[in-house]
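**Student:** There's a structure below that I have some questions on.
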Amino acid sequence: MAYDRYAAVCRPLHYLTIMHPQLCLHLVLTAWLTGFGNSVLQTALTMTLPLCGRNQVDHFFCEVPVMLKLACADTSINEAELFAVSVFFLVVPLSLILVSYSHITRAVLKIKSAQGRQKAFGTCGSHLMVVVIFFGTLISMYLQPPSSYSQDVNKSIALFYTLVTPLLNPLIYTLRNKEVKGALRRLVRRTTGSRGS
């Protein structure tokens, strides 16, 4: 999506040439296949560890860091592999997105009209907000040292990136729509008006 925004804002006349259906298909397949491959790898490595104790997961779902806490064996190789994969899947894409948005910001600041700048920033701002929320929670979950792992804090973080971010997506993206903004204003006026009566 960041590349799409980059092409739309920085190269608008070339947009259809850059974002052709074949490229979009390649981007989607790359995301799905690397995500699936990572999941298979993480599951295979985690399931080979011997478990000891109560074997009860004190979490909402079987996150890899949670499963590593249940292992009886040395998990340093698993933790190093998880860290490396997390850097690859979290820090690298976030860095590329931020570089893309720095180019977009530079291009938008060159726009002469304030209305044009506001429209471009509004379009990109909603996506950037979702990116920061999503990647911020994932990075705080997966790139923390194992010694500082807090079960309760990580449960909250996991709920945030699995429930809150997907629930906020439609709200954040639709608030750019004038009709939705108008309906929301009318609803707020009615709600505050009925309280005053």
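Ordering of the structure tokens sets the chain letters (A, B, ...), residue numbers begin anew at 1 in every chain, and ligands are numbered from 1 in the order given.
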Could you list, with a cut-off of 9 Å and counting only C-alpha atoms, the residues of segment 114-166 of chain A near segment 41-60 of chain A, each shown with its nearest atom pair and the distance in Å rounded to one decimal, rows sorted by chain and ascending number, as a tab-separated table?
**Tutor:**
```
residue	atom	partner	partner_atom	distance
A:Gln151	CA	A:Asp58	CA	7.5
A:Asp152	CA	A:His59	CA	8.4
A:Asn154	CA	A:His59	CA	8.5
A:Lys155	CA	A:His59	CA	6.1
A:Ala158	CA	A:Phe60	CA	8.1
A:Leu159	CA	A:Phe60	CA	8.1
```
**Student:** Please provide as a list in words all residues within 9 Å of segment 120-133 of chain A, with the sequence filter that same-chain residues fewer than 4 positions apart are discarded (counting only C-alpha atoms).
**Tutor:**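 Everything that qualifies: Met1, Ala2, Arg5, Val9, Leu94, Ile97, Leu98, Tyr101, Ile104, Thr105, Val108, Gln115, Gly116, Thr137, Leu138, Phe160, Tyr161, Thr165, Pro166, Leu168, Asn169, Ile172, Tyr173, Leu175 and Arg176 of chain A.
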**Student:** Please measure the separation of atom CA of Pro12 of chain A and atom CA of Leu90 of chain A, giving the value in Å to one decimal.
**Tutor:**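 One can read the atom CA of Pro12 of chain A to atom CA of Leu90 of chain A distance as 28.2 Å.
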**Student:** Contacts of Val87 of chain A at 12 Å or less, counting only C-alpha atoms, minus same-chain residues fewer than 5 places along, as a ChimeraX atom specification?
**Tutor:** /A:80-82,92-95,135,138-144
